[in-house]
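Below is protein-v7.csv, holding CSV, C-alpha atoms.
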chain,number,residue,atom,x,y,z
E,13,MET,CA,3.1,11.2,17.4
E,14,GLY,CA,0.2,10.0,15.2
E,15,VAL,CA,-0.9,7.6,12.5
E,16,ALA,CA,0.3,7.7,8.9
E,17,PHE,CA,-2.0,6.2,6.3
E,18,VAL,CA,0.4,5.2,3.5
E,19,ALA,CA,-0.1,4.2,-0.1
E,20,HIS,CA,-0.1,0.4,-0.4
E,21,CYS,CA,3.1,0.3,-2.6
E,22,LEU,CA,5.2,2.0,0.0
E,23,LEU,CA,5.0,-1.3,2.0
E,24,ASN,CA,4.6,-3.6,-1.0
E,25,GLN,CA,6.4,-2.7,-4.2
E,26,ASN,CA,5.0,-6.0,-5.7
E,27,SER,CA,1.7,-4.1,-6.3
E,28,LYS,CA,3.3,-1.8,-8.8
E,29,THR,CA,2.6,-1.8,-12.5
E,30,ALA,CA,5.1,-4.0,-14.3
E,31,GLY,CA,8.4,-2.2,-14.7
E,32,GLY,CA,7.5,0.2,-11.9
E,33,ALA,CA,8.9,-1.4,-8.7
E,34,TYR,CA,12.1,0.4,-7.6
E,35,CYS,CA,12.9,-1.8,-4.7
E,36,ALA,CA,12.1,-5.4,-3.6
E,37,GLY,CA,9.4,-4.9,-1.1
E,38,VAL,CA,9.3,-2.0,1.5
E,39,ASP,CA,10.3,1.5,0.5
E,40,SER,CA,12.5,2.1,3.5
E,41,ALA,CA,13.4,5.6,2.4
E,42,MET,CA,9.9,6.7,3.2
E,43,ILE,CA,8.8,4.2,5.9
E,44,ASP,CA,11.9,4.6,8.0
E,45,VAL,CA,11.3,8.4,8.3
E,46,LEU,CA,7.8,7.8,9.6
E,47,ARG,CA,8.9,5.1,12.1
E,48,ALA,CA,12.0,7.1,13.3
E,49,LYS,CA,9.6,9.9,14.2
E,50,GLY,CA,7.3,7.5,16.1
E,51,TRP,CA,4.4,7.5,13.6
E,52,ARG,CA,2.2,4.4,13.5
E,53,ILE,CA,1.9,2.9,10.0
E,54,GLU,CA,-1.4,2.0,8.4
E,55,GLN,CA,-1.6,0.8,4.8
E,56,MET,CA,-4.2,2.0,2.3
E,57,PRO,CA,-5.3,-0.5,-0.4
E,58,CYS,CA,-4.0,-0.3,-4.0
E,59,PRO,CA,-7.1,0.6,-5.9
E,60,GLU,CA,-5.6,-0.3,-9.3
E,61,LEU,CA,-4.4,-3.8,-8.3
E,62,VAL,CA,-7.8,-5.5,-7.9
E,63,PHE,CA,-9.5,-3.4,-10.6
E,64,THR,CA,-7.2,-3.9,-13.6
E,65,GLY,CA,-4.8,-6.5,-12.1
E,66,LEU,CA,-1.1,-7.1,-11.9
E,67,ASN,CA,-0.8,-7.1,-15.7
E,68,ARG,CA,-2.3,-3.7,-16.1
E,69,PHE,CA,-0.7,-1.1,-18.4
E,70,TRP,CA,0.7,2.1,-17.2
E,71,ALA,CA,-2.2,4.6,-17.3
E,72,VAL,CA,-3.2,8.2,-16.9
E,73,ARG,CA,-6.0,9.6,-14.9
E,74,GLU,CA,-8.4,9.9,-17.8
E,75,GLN,CA,-8.2,6.2,-18.5
E,76,TYR,CA,-9.2,5.4,-14.9
E,77,ASP,CA,-11.9,8.1,-14.6
E,78,THR,CA,-14.9,5.9,-15.2
E,79,ALA,CA,-18.1,5.5,-13.1
E,80,ALA,CA,-17.1,1.9,-12.3
E,81,TYR,CA,-13.6,2.8,-11.1
E,82,ARG,CA,-14.9,5.7,-9.0
E,83,ARG,CA,-17.5,3.4,-7.4
E,84,HIS,CA,-14.6,0.9,-6.7
E,85,CYS,CA,-12.5,3.7,-5.2
E,86,ARG,CA,-15.5,5.0,-3.1
E,87,ARG,CA,-15.9,1.5,-1.6
E,88,LEU,CA,-12.3,1.3,-0.6
E,89,ALA,CA,-12.2,5.0,0.5
E,90,ALA,CA,-15.1,4.3,2.8
E,91,ASN,CA,-13.1,1.7,4.7
E,92,VAL,CA,-10.1,4.0,5.0
E,93,ALA,CA,-12.2,6.9,6.1
E,94,GLU,CA,-13.7,4.6,8.8
E,95,MET,CA,-10.2,3.7,10.0
E,96,ILE,CA,-9.2,7.4,10.0
E,97,SER,CA,-12.3,8.2,11.9
E,98,VAL,CA,-11.4,5.7,14.6
E,99,ARG,CA,-7.9,7.2,15.0
E,100,VAL,CA,-9.2,10.8,15.0
E,101,ASP,CA,-11.7,9.8,17.7
E,102,GLN,CA,-8.8,8.5,19.7
E,103,GLY,CA,-7.2,11.9,19.5
E,104,GLU,CA,-4.5,10.8,17.1
E,105,ASP,CA,-2.9,13.1,14.5
E,106,VAL,CA,-3.3,11.7,11.0
E,107,VAL,CA,-1.3,12.2,7.8
E,108,LEU,CA,-1.8,10.7,4.3
E,109,VAL,CA,1.3,9.6,2.4
E,110,GLY,CA,0.5,9.1,-1.3
E,111,ILE,CA,2.4,8.7,-4.5
E,112,GLU,CA,3.1,11.7,-6.6
E,113,GLY,CA,2.4,11.2,-10.3
E,114,SER,CA,0.0,8.4,-9.7
E,115,PRO,CA,-3.4,8.5,-11.4
E,116,SER,CA,-5.0,7.1,-8.2
E,117,MET,CA,-2.7,7.9,-5.3
E,118,GLY,CA,-1.3,11.3,-6.2
E,119,VAL,CA,-1.8,13.9,-3.4
E,120,ARG,CA,-0.6,17.0,-5.3
E,121,ILE,CA,0.6,15.6,-8.6
E,122,THR,CA,-1.3,13.1,-10.7
E,123,SER,CA,-0.8,12.1,-14.4
E,124,SER,CA,-3.1,13.4,-17.1
E,125,ASP,CA,-3.2,13.2,-20.9
E,126,PRO,CA,-6.6,13.1,-22.6
E,127,ASP,CA,-5.0,11.8,-25.8
E,128,ARG,CA,-3.6,8.5,-24.5
E,129,LYS,CA,-5.6,5.6,-25.7
E,130,GLY,CA,-5.5,2.4,-27.7
E,131,ARG,CA,-2.2,0.5,-28.1
E,132,PRO,CA,0.1,1.7,-25.4
E,133,ARG,CA,3.1,3.1,-27.4
E,134,TRP,CA,4.0,6.2,-25.5
E,135,PRO,CA,6.9,8.2,-26.7
E,136,ASP,CA,9.8,8.5,-24.3
E,137,GLY,CA,10.3,11.8,-22.7
E,138,THR,CA,6.7,12.9,-22.6
E,139,ASP,CA,5.5,14.3,-19.3
E,140,GLU,CA,2.0,13.5,-18.3
E,141,HIS,CA,2.4,14.7,-14.7
E,142,SER,CA,0.2,17.6,-13.8
E,143,SER,CA,-1.1,19.3,-10.6
E,144,GLY,CA,-4.0,17.5,-8.9
E,145,GLU,CA,-5.1,14.5,-7.0
E,146,GLY,CA,-5.4,10.9,-8.1
E,147,ILE,CA,-8.9,9.4,-8.2
E,148,PHE,CA,-8.7,7.4,-5.0
E,149,ILE,CA,-7.3,10.3,-3.0
E,150,GLU,CA,-10.0,12.5,-4.4
E,151,GLU,CA,-12.7,10.0,-3.4
E,152,LEU,CA,-11.1,9.6,0.1
E,153,ARG,CA,-11.1,13.4,0.6
E,154,LEU,CA,-14.8,13.6,-0.4
E,155,GLU,CA,-15.6,10.7,2.0
E,156,LEU,CA,-13.9,12.3,4.9
E,157,GLN,CA,-15.7,15.5,4.1
E,158,ARG,CA,-19.1,13.7,4.1
E,159,ARG,CA,-18.2,12.3,7.5
E,160,GLY,CA,-17.1,15.7,8.9
E,161,ILE,CA,-13.5,14.7,9.3
E,162,ASN,CA,-10.8,17.3,8.5
E,163,TYR,CA,-8.7,16.3,5.6
E,164,PRO,CA,-5.3,15.3,7.0
E,165,ARG,CA,-1.9,16.8,6.1
E,166,VAL,CA,-0.5,15.0,3.0
E,167,ALA,CA,2.9,14.0,1.7
E,168,GLY,CA,3.8,12.0,-1.3
E,169,GLY,CA,6.6,9.7,-2.6
E,170,THR,CA,8.2,11.3,-5.6
E,171,HIS,CA,10.1,8.4,-7.1
E,172,ALA,CA,8.1,8.5,-10.3
E,173,LEU,CA,8.8,12.2,-11.0
E,174,ALA,CA,11.6,13.2,-13.3
E,175,ASP,CA,13.1,15.5,-10.7
E,176,HIS,CA,13.0,13.0,-7.9
E,177,ASP,CA,15.5,13.7,-5.2
E,178,GLN,CA,15.8,11.4,-2.2
E,179,ALA,CA,16.9,14.2,0.2
E,180,ALA,CA,14.2,16.5,-1.0
E,181,GLN,CA,11.6,13.8,-0.7
E,182,ARG,CA,12.7,13.1,2.9
E,183,ALA,CA,12.7,16.8,3.8
E,184,ALA,CA,9.2,17.3,2.4
E,185,LEU,CA,7.9,14.3,4.4
E,186,GLU,CA,9.6,15.5,7.6
E,187,ALA,CA,8.2,19.0,7.1
E,188,THR,CA,4.7,17.5,6.7
E,189,LEU,CA,5.0,15.4,9.8
E,190,ASP,CA,6.4,18.2,11.9
E,191,SER,CA,4.0,20.9,10.7
F,24,MET,CA,6.6,-8.9,-17.8
F,25,GLU,CA,8.9,-6.0,-17.9
F,26,PRO,CA,11.6,-6.7,-15.2
F,27,ASP,CA,11.9,-4.4,-12.2
F,28,GLU,CA,13.1,-4.7,-8.6
F,29,ARG,CA,10.1,-6.5,-7.1
F,30,SER,CA,10.8,-9.7,-5.0
F,31,PHE,CA,7.5,-11.6,-5.8
F,32,ARG,CA,7.4,-12.3,-2.1
F,33,ILE,CA,4.7,-10.9,0.2
F,34,ALA,CA,4.0,-11.3,3.9
F,35,LEU,CA,0.5,-10.7,5.3
F,36,THR,CA,1.6,-9.2,8.5
F,37,ALA,CA,-0.2,-8.7,11.8
F,38,ASP,CA,-0.3,-5.2,13.2
F,39,ARG,CA,1.9,-6.0,16.2
F,40,TYR,CA,4.8,-6.8,13.8
F,41,VAL,CA,4.3,-3.7,11.8
F,42,ASN,CA,3.7,-1.4,14.7
F,43,PRO,CA,5.4,-3.3,17.5
F,44,PRO,CA,4.8,-2.4,21.1
F,45,SER,CA,7.8,-1.3,23.2
F,46,GLY,CA,10.1,-4.3,23.4
F,47,GLY,CA,8.2,-6.2,20.7
F,48,LEU,CA,9.6,-7.8,17.6
F,49,ASP,CA,10.0,-5.4,14.7
F,50,GLY,CA,8.9,-7.7,12.0
F,51,LEU,CA,8.6,-4.9,9.4
F,52,ALA,CA,12.3,-4.2,9.8
F,53,VAL,CA,13.2,-7.9,9.2
F,54,LEU,CA,10.8,-8.1,6.2
F,55,ALA,CA,12.2,-5.0,4.7
F,56,GLN,CA,15.8,-6.2,5.1
F,57,ALA,CA,14.8,-9.6,3.6
F,58,GLY,CA,13.2,-7.9,0.6
F,59,TRP,CA,9.6,-9.0,1.2
F,60,GLY,CA,6.6,-6.8,0.5
F,61,VAL,CA,4.2,-6.3,3.4
F,62,MET,CA,0.4,-6.3,3.4
F,63,HIS,CA,-0.7,-5.0,6.8
F,64,LEU,CA,-3.5,-6.9,8.5
F,65,PRO,CA,-5.9,-4.6,10.3
F,66,ALA,CA,-5.3,-3.9,14.0
F,67,GLU,CA,-7.7,-5.5,16.4
F,68,ASP,CA,-8.9,-2.3,17.9
F,69,TYR,CA,-10.9,-1.4,14.8
F,70,PRO,CA,-14.7,-2.3,14.8
F,71,ALA,CA,-15.3,-5.9,13.8
F,72,GLU,CA,-17.3,-5.0,10.7
F,73,THR,CA,-14.4,-2.7,9.5
F,74,VAL,CA,-11.9,-5.5,10.0
F,75,GLU,CA,-14.1,-7.9,8.1
F,76,ARG,CA,-14.4,-5.5,5.1
F,77,VAL,CA,-10.7,-4.8,5.1
F,78,LEU,CA,-9.8,-8.5,5.2
F,79,ALA,CA,-12.2,-9.1,2.3
F,80,GLU,CA,-10.3,-6.4,0.3
F,81,ILE,CA,-6.9,-8.0,1.3
F,82,ALA,CA,-8.2,-11.4,0.2
F,83,GLU,CA,-9.0,-10.0,-3.3
F,84,GLN,CA,-5.5,-8.6,-3.6
F,85,VAL,CA,-4.0,-11.8,-2.4
F,86,ARG,CA,-5.9,-13.7,-5.0
F,87,GLU,CA,-4.4,-11.6,-7.7
F,88,PHE,CA,-0.9,-12.1,-6.4
F,89,SER,CA,-1.5,-15.8,-6.0
F,90,ASN,CA,-2.8,-16.2,-9.5
F,91,HIS,CA,0.5,-14.7,-10.8
F,92,GLY,CA,2.7,-17.0,-8.8
F,93,TYR,CA,3.8,-14.7,-6.0
F,94,GLU,CA,5.1,-16.4,-2.8
F,95,ILE,CA,2.8,-15.5,0.1
F,96,VAL,CA,3.1,-16.1,3.9
F,97,VAL,CA,1.3,-15.0,7.0
F,98,VAL,CA,3.3,-13.4,9.9
F,99,GLY,CA,1.5,-13.4,13.3
F,100,GLU,CA,-2.1,-13.6,14.2
F,101,SER,CA,-4.4,-13.5,11.3
F,102,GLY,CA,-7.9,-13.3,12.8
F,103,LYS,CA,-10.5,-14.1,10.3
F,104,LEU,CA,-8.2,-13.9,7.3
F,105,ALA,CA,-8.7,-17.6,6.6
F,106,ASP,CA,-12.4,-17.0,6.1
F,107,ALA,CA,-11.8,-14.1,3.8
F,108,LEU,CA,-9.4,-16.1,1.7
F,109,ALA,CA,-11.8,-19.0,1.5
F,110,ASP,CA,-14.4,-16.6,0.1
F,111,VAL,CA,-12.1,-16.0,-2.9
F,112,GLY,CA,-11.1,-19.7,-3.2
F,113,LEU,CA,-7.7,-19.6,-1.5
F,114,PRO,CA,-6.3,-21.7,1.4
F,115,GLU,CA,-4.5,-19.8,4.2
F,116,PRO,CA,-0.8,-19.5,3.3
F,117,ASP,CA,1.9,-20.9,5.6
F,118,HIS,CA,2.1,-19.2,8.9
F,119,VAL,CA,4.8,-18.2,11.4
F,120,MET,CA,4.5,-16.7,14.9
F,121,PRO,CA,8.1,-15.6,15.3
F,122,ALA,CA,9.5,-14.9,18.7
F,123,SER,CA,12.7,-13.3,17.5
F,124,PRO,CA,14.1,-11.6,14.4
F,125,ALA,CA,16.3,-14.6,13.7
F,126,GLU,CA,13.3,-16.9,13.8
F,127,LEU,CA,11.4,-14.8,11.3
F,128,ARG,CA,14.4,-14.4,9.0
F,129,GLU,CA,15.0,-18.2,9.1
F,130,PHE,CA,11.4,-18.8,8.1
F,131,LEU,CA,11.6,-16.3,5.2
F,132,ASP,CA,14.8,-17.7,4.0
F,133,SER,CA,13.4,-21.3,4.0
F,134,ARG,CA,10.6,-20.4,1.6
F,135,PRO,CA,10.6,-21.8,-1.9
F,136,VAL,CA,11.4,-19.6,-4.9
F,137,PRO,CA,8.2,-17.9,-6.1
F,138,ARG,CA,6.4,-19.7,-8.9
F,139,ALA,CA,6.6,-16.4,-10.8
F,140,LEU,CA,10.3,-16.8,-10.9
F,141,GLY,CA,10.4,-20.5,-11.6
Kindly return the structure encoded in the file as structure tokens.
Amino acid sequence: MGVAFVAHCLLNQNSKTAGGAYCAGVDSAMIDVLRAKGWRIEQMPCPELVFTGLNRFWAVREQYDTAAYRRHCRRLAANVAEMISVRVDQGEDVVLVGIEGSPSMGVRITSSDPDRKGRPRWPDGTDEHSSGEGIFIEELRLELQRRGINYPRVAGGTHALADHDQAAQRAALEATLDS
Amino acid sequence: MEPDERSFRIALTADRYVNPPSGGLDGLAVLAQAGWGVMHLPAEDYPAETVERVLAEIAEQVREFSNHGYEIVVVGESGKLADALADVGLPEPDHVMPASPAELREFLDSRPVPRALG
């Protein structure tokens, strides 16, 4: 089949921001689909984990969009791009599986709110999700572009979205893998 | 910390247990079933410099988990992981080279309760 580069937390929910882990360790709902279809699994790093630590607050894209965080993401993205390059050179098909709604790992949906700052007291029911990529995914796309590697097909886990539906998530992942 | 579903247990896992060859031990399935998170150690067919850089990144992440009392083990061959962990001031965690799913599960079940939960 090919090689799926997956967001770190799909194999390790322990990396999530406090309160965000929705299962003990491996998100089998996503990983089992990939494995059942014969895709090799590769794990991307969690860029937020070592930058702001396990005790980080939930954040939106604007809070991470600093020169230092982008430099950090570029360093990590260079390694992932190097690994993708190896697999592409081996003739493998490659897909990226990110996390929709994440300020770092969103592939089509990130989170954005320029007004969020200071003491984190966010009202319930607000919706910061918006179209776009997270910062790490954006830096990875740029790094692949610099290396002349085609941007892979992408899919994303939708657990963080208000309209998350397990069957729809699975169908979207399978459609990406099969396209 | 706001409670959630995390296990506070992480296995640094060699590639052949995440992407097992035909007939190989599916360590990822056992770890998922047991509720452990997985950090995938880089496959041996990547260039040595790439592997070294990725191991350095993994060591930084492990340091963060270790500082917060997460239980960490190594499953399978770990290459130069010990060197990368030493660079961030950590010893190599306990290690298992399982030959069967039962052996891996027995090892996981024998681990102490994570300090974070103590």
Next on the checklist: Quick check, in Å to one decimal: how far apart do CA of Phe17 in chain E and CA of Ser97 in chain E lie?
Outcome noted: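 It comes out at 11.9 Å.
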Cut-off 10 Å: closest chain F/chain E atom pairs per residue, using only C-alpha atoms, as a Markdown table:
| residue | atom | partner | partner_atom | distance |
| --- | --- | --- | --- | --- |
| F:Met24 | CA | E:Ala30 | CA | 6.2 |
| F:Glu25 | CA | E:Gly31 | CA | 5.0 |
| F:Pro26 | CA | E:Gly31 | CA | 5.5 |
| F:Asp27 | CA | E:Gly31 | CA | 4.8 |
| F:Glu28 | CA | E:Cys35 | CA | 4.9 |
| F:Arg29 | CA | E:Ala36 | CA | 4.2 |
| F:Ser30 | CA | E:Ala36 | CA | 4.7 |
| F:Phe31 | CA | E:Asn26 | CA | 6.1 |
| F:Arg32 | CA | E:Asn26 | CA | 7.6 |
| F:Ile33 | CA | E:Asn24 | CA | 7.4 |
| F:Ala34 | CA | E:Asn24 | CA | 9.1 |
| F:Asp38 | CA | E:Glu54 | CA | 8.7 |
| F:Val41 | CA | E:Ile53 | CA | 7.2 |
| F:Asn42 | CA | E:Arg52 | CA | 6.1 |
| F:Pro43 | CA | E:Arg52 | CA | 9.2 |
| F:Leu51 | CA | E:Val38 | CA | 8.4 |
| F:Ala52 | CA | E:Ser40 | CA | 8.9 |
| F:Leu54 | CA | E:Val38 | CA | 7.8 |
| F:Ala55 | CA | E:Val38 | CA | 5.3 |
| F:Gln56 | CA | E:Val38 | CA | 8.5 |
| F:Ala57 | CA | E:Gly37 | CA | 8.6 |
| F:Gly58 | CA | E:Ala36 | CA | 5.0 |
| F:Trp59 | CA | E:Gly37 | CA | 4.7 |
| F:Gly60 | CA | E:Gly37 | CA | 3.7 |
| F:Val61 | CA | E:Asn24 | CA | 5.2 |
| F:Met62 | CA | E:Asn24 | CA | 6.7 |
| F:His63 | CA | E:Gln55 | CA | 6.2 |
| F:Leu64 | CA | E:Gln55 | CA | 8.8 |
| F:Pro65 | CA | E:Glu54 | CA | 8.2 |
| F:Ala66 | CA | E:Glu54 | CA | 9.0 |
| F:Asp68 | CA | E:Val98 | CA | 9.0 |
| F:Tyr69 | CA | E:Met95 | CA | 7.0 |
| F:Pro70 | CA | E:Val98 | CA | 8.7 |
| F:Glu72 | CA | E:Asn91 | CA | 9.9 |
| F:Thr73 | CA | E:Asn91 | CA | 6.6 |
| F:Val74 | CA | E:Asn91 | CA | 9.0 |
| F:Arg76 | CA | E:Asn91 | CA | 7.3 |
| F:Val77 | CA | E:Asn91 | CA | 6.9 |
| F:Glu80 | CA | E:Pro57 | CA | 7.8 |
| F:Ile81 | CA | E:Pro57 | CA | 7.9 |
| F:Glu83 | CA | E:Val62 | CA | 6.5 |
| F:Gln84 | CA | E:Val62 | CA | 5.8 |
| F:Val85 | CA | E:Val62 | CA | 9.2 |
| F:Arg86 | CA | E:Val62 | CA | 8.9 |
| F:Glu87 | CA | E:Gly65 | CA | 6.7 |
| F:Phe88 | CA | E:Leu66 | CA | 7.4 |
| F:Asn90 | CA | E:Leu66 | CA | 9.6 |
| F:His91 | CA | E:Leu66 | CA | 7.8 |
| F:Tyr93 | CA | E:Asn26 | CA | 8.8 |
Item to check | Shortest interatomic distance to Glu126 in chain F - which of F:Gly141, F:Gly50, F:Pro44, F:Gly112, counting only C-alpha atoms | outcome: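 Selected residue with least distance to Glu126 in chain F: F:Gly50.
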Checklist entry - Smallest atom-to-atom distance to Phe69 in chain E: which of E:Arg128, E:Gln181, E:Thr188, E:Phe148, using only C-alpha atoms? => result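 Answer, going by the shortest atom-to-atom distance: E:Arg128.
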Checklist entry - Counting all atoms listed in the file, what is within 12 Å of Ala79 in chain E, bar same-chain residues fewer than 5 positions away, as a PyMOL selection string? => result chain E and resi 74+84-86+147+151
N, CA and C atoms are needed for range 69-96 of chain F; please write them out as a short mmCIF file (atom, residue, chain, number, x, y, z; two decimals), in the coordinates of the input.
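Writing done, so here's result.cif:
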data_model
loop_
_atom_site.label_atom_id
_atom_site.label_comp_id
_atom_site.auth_asym_id
_atom_site.auth_seq_id
_atom_site.Cartn_x
_atom_site.Cartn_y
_atom_site.Cartn_z
N TYR F 69 -9.90 -1.95 15.66
CA TYR F 69 -10.90 -1.40 14.80
C TYR F 69 -12.23 -2.20 14.97
N PRO F 70 -13.38 -1.57 14.66
CA PRO F 70 -14.70 -2.30 14.80
C PRO F 70 -14.63 -3.58 13.96
N ALA F 71 -15.29 -4.61 14.46
CA ALA F 71 -15.30 -5.90 13.80
C ALA F 71 -15.73 -5.86 12.36
N GLU F 72 -16.75 -5.03 12.09
CA GLU F 72 -17.30 -5.00 10.70
C GLU F 72 -16.22 -4.33 9.78
N THR F 73 -15.48 -3.33 10.31
CA THR F 73 -14.40 -2.70 9.50
C THR F 73 -13.34 -3.73 9.20
N VAL F 74 -12.93 -4.45 10.22
CA VAL F 74 -11.90 -5.50 10.00
C VAL F 74 -12.32 -6.48 8.99
N GLU F 75 -13.58 -6.89 9.06
CA GLU F 75 -14.10 -7.90 8.10
C GLU F 75 -14.03 -7.37 6.68
N ARG F 76 -14.42 -6.11 6.50
CA ARG F 76 -14.40 -5.50 5.10
C ARG F 76 -12.97 -5.38 4.63
N VAL F 77 -12.06 -4.96 5.52
CA VAL F 77 -10.70 -4.80 5.10
C VAL F 77 -10.05 -6.15 4.76
N LEU F 78 -10.37 -7.16 5.54
CA LEU F 78 -9.80 -8.50 5.20
C LEU F 78 -10.37 -9.01 3.89
N ALA F 79 -11.62 -8.68 3.59
CA ALA F 79 -12.20 -9.10 2.30
C ALA F 79 -11.42 -8.41 1.15
N GLU F 80 -11.07 -7.12 1.33
CA GLU F 80 -10.30 -6.40 0.30
C GLU F 80 -8.89 -7.06 0.18
N ILE F 81 -8.28 -7.36 1.32
CA ILE F 81 -6.90 -8.00 1.30
C ILE F 81 -7.00 -9.31 0.57
N ALA F 82 -8.04 -10.08 0.82
CA ALA F 82 -8.20 -11.40 0.20
C ALA F 82 -8.25 -11.23 -1.35
N GLU F 83 -8.96 -10.21 -1.81
CA GLU F 83 -9.00 -10.00 -3.30
C GLU F 83 -7.66 -9.68 -3.84
N GLN F 84 -6.89 -8.90 -3.10
CA GLN F 84 -5.50 -8.60 -3.60
C GLN F 84 -4.65 -9.82 -3.55
N VAL F 85 -4.78 -10.61 -2.49
CA VAL F 85 -4.00 -11.80 -2.40
C VAL F 85 -4.28 -12.77 -3.54
N ARG F 86 -5.54 -12.84 -3.91
CA ARG F 86 -5.90 -13.70 -5.00
C ARG F 86 -5.19 -13.32 -6.30
N GLU F 87 -5.09 -12.02 -6.53
CA GLU F 87 -4.40 -11.60 -7.70
C GLU F 87 -2.92 -11.95 -7.68
N PHE F 88 -2.28 -11.73 -6.53
CA PHE F 88 -0.90 -12.10 -6.40
C PHE F 88 -0.70 -13.64 -6.55
N SER F 89 -1.60 -14.37 -5.93
CA SER F 89 -1.50 -15.80 -6.00
C SER F 89 -1.68 -16.34 -7.41
N ASN F 90 -2.61 -15.75 -8.15
CA ASN F 90 -2.80 -16.20 -9.50
C ASN F 90 -1.58 -15.96 -10.40
N HIS F 91 -0.73 -15.03 -9.99
CA HIS F 91 0.50 -14.70 -10.80
C HIS F 91 1.73 -15.34 -10.19
N GLY F 92 1.57 -16.26 -9.23
CA GLY F 92 2.70 -17.00 -8.80
C GLY F 92 3.60 -16.34 -7.74
N TYR F 93 3.06 -15.35 -7.03
CA TYR F 93 3.80 -14.70 -6.00
C TYR F 93 3.85 -15.61 -4.74
N GLU F 94 4.95 -15.59 -4.00
CA GLU F 94 5.10 -16.40 -2.80
C GLU F 94 4.43 -15.55 -1.63
N ILE F 95 3.52 -16.19 -0.90
CA ILE F 95 2.80 -15.50 0.10
C ILE F 95 2.83 -16.23 1.44
N VAL F 96 3.09 -15.52 2.54
CA VAL F 96 3.10 -16.10 3.90
C VAL F 96 2.30 -15.21 4.81
#
